[in-house]
Amino acid sequence: MIGFGTITNTAAIIAAGEWLDIEGAFVRLGEWLKRKTGNARDASFVHAFVTATLTVCLGAMGIVGALP
């Protein structure tokens, strides 16, 4: 059962992520990597980078966090 504290904590984490602009930081890092690796013409580089980074980071955290 999800309690009020869980919902409040989740809302606080989401608000902190929005305030820190974490997604924007990943996009800026992807743009920098795109220039540094010579992939300036690849339109999907940044999208692929952000997707892969979030999948690897959050996927691993989701699995490890679920372990007792």
# chains A, B, ... in the order shown; residues from 1 in each chain; ligands from 1
>>> residues_around(residues="Gly24 (chain A)", least_positions_apart="6", cutoff="12 Å", atoms="only C-alpha atoms", output="list in words")
Gly17, Glu18, Gly30, Glu31, Val46, His47 and Val50 of chain A
>>> select_by_dssp(residues="chain A", states="helix (DSSP H, G or I)", output="number ranges by chain")
A: 4-20, 22-36, 45-66
>>> closest_residue(among="A:Glu23, A:Leu67, A:Ala11, A:Arg41", to="Thr53 (chain A)", atoms="only C-alpha atoms")
A:Glu23
>>> closest_residue(among="A:Asn9, A:Val64, A:Phe45, A:Cys57", to="Trp32 (chain A)", atoms="only C-alpha atoms")
A:Phe45
>>> closest_residue(among="A:Phe49, A:Gly65, A:Ala60, A:Ile7", to="Arg28 (chain A)", atoms="only C-alpha atoms")
A:Phe49
>>> atom_distance(atom1="CA of Ala25 (chain A)", atom2="CA of Leu54 (chain A)")
12.2 Å
